[in-house]
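J.: Contents of my_file24.pdb (PDB, C-alpha atoms) are below:
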```pdb
ATOM      1  CA  MET A1301      32.408 -10.236  79.594
ATOM      2  CA  LYS A1302      32.810 -12.526  82.603
ATOM      3  CA  LYS A1303      34.646 -15.138  80.578
ATOM      4  CA  ILE A1304      36.986 -12.577  79.047
ATOM      5  CA  VAL A1305      37.932 -11.143  82.456
ATOM      6  CA  LEU A1306      38.471 -14.642  83.895
ATOM      7  CA  ILE A1307      40.607 -15.703  80.921
ATOM      8  CA  MET A1308      42.712 -12.521  81.209
ATOM      9  CA  MET A1309      43.305 -13.166  84.917
ATOM     10  CA  ILE A1310      44.232 -16.806  84.366
ATOM     11  CA  VAL A1311      46.657 -15.910  81.552
ATOM     12  CA  ALA A1312      48.202 -13.149  83.685
ATOM     13  CA  SER A1313      48.607 -15.559  86.598
ATOM     14  CA  LEU A1314      50.503 -18.010  84.388
ATOM     15  CA  PHE A1315      53.214 -15.415  83.874
ATOM     16  CA  ALA A1316      53.361 -14.242  87.490
ATOM     17  CA  ASN A1317      56.316 -15.650  89.385
ATOM     18  CA  ASP A1318      55.062 -15.016  92.909
ATOM     19  CA  TRP A1319      52.741 -18.017  93.070
ATOM     20  CA  GLU A1320      53.463 -20.881  95.422
ATOM     21  CA  TYR A1321      52.187 -24.444  95.695
ATOM     22  CA  ALA A1322      51.049 -26.414  98.737
ATOM     23  CA  LYS A1323      48.840 -29.366  99.585
ATOM     24  CA  VAL A1324      45.526 -28.894 101.406
ATOM     25  CA  LYS A1325      45.976 -30.971 104.572
ATOM     26  CA  TYR A1326      42.804 -29.976 106.436
ATOM     27  CA  VAL A1327      39.741 -27.797 105.886
ATOM     28  CA  ILE A1328      38.769 -25.920 109.051
ATOM     29  CA  ASP A1329      35.841 -24.134 107.442
ATOM     30  CA  GLY A1330      35.004 -22.702 104.028
ATOM     31  CA  ASP A1331      37.541 -19.897 104.203
ATOM     32  CA  THR A1332      40.209 -21.291 106.561
ATOM     33  CA  LEU A1333      42.504 -24.164 105.588
ATOM     34  CA  MET A1334      45.686 -25.883 106.674
ATOM     35  CA  LEU A1335      48.253 -26.065 103.866
ATOM     36  CA  GLN A1336      51.558 -27.913 103.785
ATOM     37  CA  LYS A1337      54.600 -27.432 101.587
ATOM     38  CA  GLY A1338      56.568 -30.649 101.174
ATOM     39  CA  SER A1339      57.466 -32.176 104.529
ATOM     40  CA  SER A1340      57.341 -28.886 106.445
ATOM     41  CA  LYS A1341      54.868 -28.169 109.235
ATOM     42  CA  PRO A1342      51.296 -27.361 108.063
ATOM     43  CA  PHE A1343      50.289 -23.700 108.303
ATOM     44  CA  LYS A1344      46.919 -22.001 108.618
ATOM     45  CA  VAL A1345      45.626 -19.805 105.798
ATOM     46  CA  ARG A1346      42.591 -17.591 105.374
ATOM     47  CA  LEU A1347      41.116 -16.951 101.925
ATOM     48  CA  ILE A1348      41.304 -13.249 101.165
ATOM     49  CA  ALA A1349      38.382 -11.113  99.925
ATOM     50  CA  LEU A1350      35.564 -13.436 100.981
ATOM     51  CA  ASP A1351      33.733 -14.696 104.028
ATOM     52  CA  THR A1352      31.942 -18.008 104.496
ATOM     53  CA  PHE A1353      29.471 -18.704 107.266
ATOM     54  CA  GLU A1354      30.670 -20.263 110.513
ATOM     55  CA  THR A1355      30.593 -23.970 111.364
ATOM     56  CA  LYS A1356      30.590 -23.308 115.137
ATOM     57  CA  VAL A1357      28.528 -20.935 117.228
ATOM     58  CA  ASN A1358      30.612 -17.899 118.157
ATOM     59  CA  HIS A1359      30.346 -14.087 118.088
ATOM     60  CA  ARG A1360      30.525 -14.038 114.272
ATOM     61  CA  THR A1361      27.616 -16.471 113.938
ATOM     62  CA  PHE A1362      25.196 -13.839 115.188
ATOM     63  CA  LYS A1363      26.556 -11.213 112.779
ATOM     64  CA  GLN A1364      26.051 -13.692 109.960
ATOM     65  CA  LEU A1365      22.530 -14.384 111.215
ATOM     66  CA  GLU A1366      21.833 -10.659 110.750
ATOM     67  CA  THR A1367      23.155 -10.945 107.182
ATOM     68  CA  LEU A1368      20.745 -13.824 106.515
ATOM     69  CA  LYS A1369      17.871 -11.818 107.979
ATOM     70  CA  TRP A1370      18.792  -8.936 105.681
ATOM     71  CA  LEU A1371      18.931 -11.251 102.631
ATOM     72  CA  HIS A1372      15.708 -13.082 103.550
ATOM     73  CA  PRO A1373      13.577 -10.808 105.750
ATOM     74  CA  LYS A1374      10.426 -12.917 105.360
ATOM     75  CA  SER A1375      12.065 -16.269 106.168
ATOM     76  CA  SER A1376      12.578 -17.783 109.589
ATOM     77  CA  ASN A1377      16.327 -17.391 109.933
ATOM     78  CA  THR A1378      18.059 -19.252 112.731
ATOM     79  CA  VAL A1379      21.557 -20.015 113.911
ATOM     80  CA  LYS A1380      21.010 -23.512 112.456
ATOM     81  CA  LYS A1381      20.712 -21.992 108.963
ATOM     82  CA  VAL A1382      23.957 -20.058 109.444
ATOM     83  CA  LEU A1383      25.717 -23.275 110.483
ATOM     84  CA  TYR A1384      24.081 -25.159 107.600
ATOM     85  CA  PHE A1385      25.620 -22.769 105.058
ATOM     86  CA  GLY A1386      28.937 -22.913 106.934
ATOM     87  CA  PHE A1387      28.991 -26.699 106.620
ATOM     88  CA  LYS A1388      27.974 -26.500 102.947
ATOM     89  CA  ALA A1389      30.974 -24.244 102.236
ATOM     90  CA  ARG A1390      33.346 -26.443 104.230
ATOM     91  CA  ASP A1391      32.059 -29.617 102.551
ATOM     92  CA  TYR A1392      32.413 -28.008  99.114
ATOM     93  CA  VAL A1393      36.061 -27.085  99.756
ATOM     94  CA  GLU A1394      36.803 -30.539 101.181
ATOM     95  CA  SER A1395      35.215 -32.320  98.220
ATOM     96  CA  LYS A1396      37.185 -30.315  95.651
ATOM     97  CA  TYR A1397      40.525 -29.554  97.349
ATOM     98  CA  LEU A1398      41.327 -31.830 100.314
ATOM     99  CA  HIS A1399      44.703 -33.603  99.809
ATOM    100  CA  LYS A1400      45.229 -31.799  96.502
ATOM    101  CA  THR A1401      47.982 -29.375  95.588
ATOM    102  CA  VAL A1402      46.811 -25.793  95.104
ATOM    103  CA  LYS A1403      48.392 -22.730  93.563
ATOM    104  CA  TYR A1404      48.245 -19.717  95.870
ATOM    105  CA  HIS A1405      49.475 -16.174  96.317
ATOM    106  CA  SER A1406      50.169 -14.735  99.762
ATOM    107  CA  TYR A1407      49.084 -11.273 100.939
ATOM    108  CA  GLY A1408      50.698 -11.279 104.384
ATOM    109  CA  TYR A1409      49.018 -12.199 107.683
ATOM    110  CA  ASP A1410      45.846 -11.269 109.516
ATOM    111  CA  ARG A1411      45.491 -10.411 113.215
ATOM    112  CA  TYR A1412      45.021 -14.113 114.058
ATOM    113  CA  ASP A1413      48.391 -14.970 112.453
ATOM    114  CA  ARG A1414      46.786 -16.752 109.502
ATOM    115  CA  GLU A1415      48.416 -16.236 106.130
ATOM    116  CA  LEU A1416      46.015 -14.367 103.822
ATOM    117  CA  VAL A1417      45.966 -16.163 100.486
ATOM    118  CA  TRP A1418      44.323 -16.194  97.112
ATOM    119  CA  ILE A1419      43.921 -19.794  95.951
ATOM    120  CA  GLU A1420      43.579 -19.966  92.203
ATOM    121  CA  VAL A1421      39.956 -20.737  91.213
ATOM    122  CA  LEU A1422      38.762 -21.515  94.803
ATOM    123  CA  ASN A1423      38.068 -17.901  95.819
ATOM    124  CA  PHE A1424      35.997 -17.362  92.677
ATOM    125  CA  SER A1425      34.095 -20.652  92.910
ATOM    126  CA  LEU A1426      32.973 -20.087  96.510
ATOM    127  CA  VAL A1427      31.490 -16.688  95.635
ATOM    128  CA  ARG A1428      30.046 -17.913  92.311
ATOM    129  CA  ASN A1429      28.218 -20.761  94.069
ATOM    130  CA  GLY A1430      26.795 -18.499  96.777
ATOM    131  CA  LEU A1431      28.850 -20.222  99.464
ATOM    132  CA  ALA A1432      30.798 -17.076 100.355
ATOM    133  CA  ILE A1433      30.149 -13.371 100.510
ATOM    134  CA  TYR A1434      32.518 -11.074  98.643
ATOM    135  CA  TYR A1435      34.377  -9.077 101.261
ATOM    136  CA  PRO A1436      36.216  -6.077  99.714
ATOM    137  CA  ASN A1437      39.962  -6.016 100.305
ATOM    138  CA  ASN A1438      42.362  -3.415  98.955
ATOM    139  CA  LYS A1439      45.219  -5.889  98.637
ATOM    140  CA  ILE A1440      43.766  -7.717  95.637
ATOM    141  CA  SER A1441      43.754  -6.390  92.073
ATOM    142  CA  LYS A1442      40.981  -4.195  90.658
ATOM    143  CA  GLU A1443      40.209  -6.910  88.106
ATOM    144  CA  ARG A1444      39.674  -9.533  90.806
ATOM    145  CA  LYS A1445      37.508  -7.129  92.819
ATOM    146  CA  ALA A1446      35.369  -6.353  89.777
ATOM    147  CA  TYR A1447      34.972 -10.016  88.880
ATOM    148  CA  LEU A1448      34.128 -11.018  92.477
ATOM    149  CA  LEU A1449      31.479  -8.305  92.609
ATOM    150  CA  GLU A1450      30.051  -9.433  89.275
ATOM    151  CA  ILE A1451      29.832 -13.131  90.213
ATOM    152  CA  SER A1452      28.449 -12.226  93.634
ATOM    153  CA  LYS A1453      25.599 -10.335  91.965
ATOM    154  CA  ASP A1454      25.106 -13.282  89.609
ATOM    155  CA  ALA A1455      24.863 -15.735  92.552
ATOM    156  CA  ASN A1456      22.238 -13.482  94.120
ATOM    157  CA  LEU A1457      20.231 -13.084  90.898
ATOM    158  CA  ASN A1458      20.334 -16.826  90.247
ATOM    159  CA  LYS A1459      19.513 -17.671  93.881
ATOM    160  CA  ARG A1460      22.524 -19.878  94.584
ATOM    161  CA  GLY A1461      23.702 -20.864  98.061
ATOM    162  CA  ILE A1462      22.958 -18.282 100.748
ATOM    163  CA  TYR A1463      20.969 -16.268  98.220
ATOM    164  CA  ALA A1464      18.504 -19.133  97.619
ATOM    165  CA  ARG A1465      14.920 -18.231  98.476
ATOM    166  CA  TYR A1466      13.895 -20.772 101.083
TER     167      TYR A1466
END
```
Write the structure described by the file as structure tokens, please.

T.:
Amino acid sequence: MKKIVLIMMIVASLFANDWEYAKVKYVIDGDTLMLQKGSSKPFKVRLIALDTFETKVNHRTFKQLETLKWLHPKSSNTVKKVLYFGFKARDYVESKYLHKTVKYHSYGYDRYDRELVWIEVLNFSLVRNGLAIYYPNNKISKERKAYLLEISKDANLNKRGIYARY
């Protein structure tokens, strides 16, 4: 079922004409990147419908620590573990996408003036590998939502990334 849904989405995306292309110039963290089209100025984007852990201590770090405590109530969860998973997500994106051209679709801007984007394959792979948490968003298609939920459950069942039992 998963493969059929993914194939349908990839085929549908091939015929969509609202996709754009840009090069990944810099990876800020797992879900925030700097993209550049041609010789224009780089711009900041935020991956839509997912959340990766932070790479710096800030107000969100402590919310994510609560998420870890909820996922692993018997483990000793610390801010260091939150940052560890943040760096794992950032390193994953850098290793696969830095200085490469990506295909993306824009969904407008968030309150921090970052362009909200869906990068083909990247959004799915972060959730599938347990490096990001699916974060429901009404702007994406029902098919993408369903598939993200399915692969998120699969990452949890198979103990990948943040779902690993440590």

J.: Restricting the calculation to all atoms listed in the file: of A:Asn1456, A:Thr1401, A:Ser1406, A:Ser1441, which residue gets closest to Leu1335 of chain A?

T.: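 Checking each candidate against Leu1335 of chain A, we get A:Thr1401 as the closest.
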
J.: So that I can check the surroundings of segment 1321-1331 of chain A, please list as a list in words every protein, DNA and RNA residue that reaches within 7 Å of it, counting only C-alpha atoms and ignoring chain neighbours fewer than 6 positions away.

T.: Lys1337, Arg1346, Leu1347, Asp1351, Thr1352, Thr1355, Gly1386, Ala1389, Arg1390, Val1393, Glu1394, Tyr1397, Leu1398, His1399, Lys1400, Thr1401, Val1402, Lys1403 and Tyr1404 of chain A

J.: What is the atom CA of Gln1364 of chain A-atom CA of Val1427 of chain A distance in Å, reported with one decimal?

T.: 15.6 Å

J.: List the residues matched by the PyMOL selection byres ((chain A and resi 1416) around 9) in the displayed structure as a count of residues only, ordered by chain and then by residue number.

T.: 15

J.: Step by step, work through what the PyMOL selection byres ((chain A and resi 1447-1453) around 8) selects in the shown file, and finish by giving those residues as a list in words.

T.: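 With the PyMOL selection byres ((chain A and resi 1447-1453) around 8) on this model, the match is Lys1302, Val1305, Leu1306, Phe1424, Val1427, Arg1428, Gly1430, Ile1433, Tyr1434, Glu1443, Arg1444, Lys1445, Ala1446, Asp1454, Ala1455, Asn1456 and Leu1457 of chain A.
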
J.: Taking (27.7, -14.2, 114.9) in the file's coordinates as the center, which residues reach within 12 Å of it, counting only C-alpha atoms, put as a PDB file with C-alpha atoms, in the coordinates of the input?

T.:
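File result_33.pdb, as written:
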```
ATOM      1  CA  THR A1352      31.942 -18.008 104.496  1.00  0.00           C
ATOM      2  CA  PHE A1353      29.471 -18.704 107.266  1.00  0.00           C
ATOM      3  CA  GLU A1354      30.670 -20.263 110.513  1.00  0.00           C
ATOM      4  CA  THR A1355      30.593 -23.970 111.364  1.00  0.00           C
ATOM      5  CA  LYS A1356      30.590 -23.308 115.137  1.00  0.00           C
ATOM      6  CA  VAL A1357      28.528 -20.935 117.228  1.00  0.00           C
ATOM      7  CA  ASN A1358      30.612 -17.899 118.157  1.00  0.00           C
ATOM      8  CA  HIS A1359      30.346 -14.087 118.088  1.00  0.00           C
ATOM      9  CA  ARG A1360      30.525 -14.038 114.272  1.00  0.00           C
ATOM     10  CA  THR A1361      27.616 -16.471 113.938  1.00  0.00           C
ATOM     11  CA  PHE A1362      25.196 -13.839 115.188  1.00  0.00           C
ATOM     12  CA  LYS A1363      26.556 -11.213 112.779  1.00  0.00           C
ATOM     13  CA  GLN A1364      26.051 -13.692 109.960  1.00  0.00           C
ATOM     14  CA  LEU A1365      22.530 -14.384 111.215  1.00  0.00           C
ATOM     15  CA  GLU A1366      21.833 -10.659 110.750  1.00  0.00           C
ATOM     16  CA  THR A1367      23.155 -10.945 107.182  1.00  0.00           C
ATOM     17  CA  LEU A1368      20.745 -13.824 106.515  1.00  0.00           C
ATOM     18  CA  THR A1378      18.059 -19.252 112.731  1.00  0.00           C
ATOM     19  CA  VAL A1379      21.557 -20.015 113.911  1.00  0.00           C
ATOM     20  CA  LYS A1380      21.010 -23.512 112.456  1.00  0.00           C
ATOM     21  CA  VAL A1382      23.957 -20.058 109.444  1.00  0.00           C
ATOM     22  CA  LEU A1383      25.717 -23.275 110.483  1.00  0.00           C
ATOM     23  CA  GLY A1386      28.937 -22.913 106.934  1.00  0.00           C
TER      24      GLY A1386
END
```

J.: Give the answer as one residue: which of A:Glu1320, A:Asn1423, A:Phe1385, A:Pro1436 has the shortest atom-to-atom distance to Thr1332 of chain A, using all atoms listed in the file?

T.: A:Asn1423

J.: Report, in Å to a single decimal, how far apart atom CA of Trp1319 of chain A and atom CA of Gly1461 of chain A are.

T.: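 Computed distance, atom CA of Gly1461 of chain A to atom CA of Trp1319 of chain A, equals 29.6 Å.
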
J.: Give me, please, the distance in Å between atom CA of Tyr1463 of chain A and atom CA of Ala1432 of chain A, quoted to one decimal.

T.: 10.1 Å

J.: Could you give me, as a list in words, the residues within 10 Å of Lys1374 of chain A, counting only C-alpha atoms and dropping anything in the same chain fewer than 3 positions from it?

T.: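 In the requested format, the answer is Lys1369, Trp1370, Leu1371, Asn1377, Arg1465 and Tyr1466 of chain A.
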
J.: Considering only C-alpha atoms, can you say which of A:Phe1387, A:Tyr1412, A:Ala1464, A:Ser1340 comes closest to Ser1375 of chain A?

T.: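 So, comparing all the options, the nearest one is A:Ala1464.
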
J.: Can you work out which one of A:Arg1460, A:Ala1349, A:His1372, A:Glu1420 has the shortest atom-to-atom distance to Lys1439 of chain A, counting all atoms listed in the file?

T.: A:Ala1349
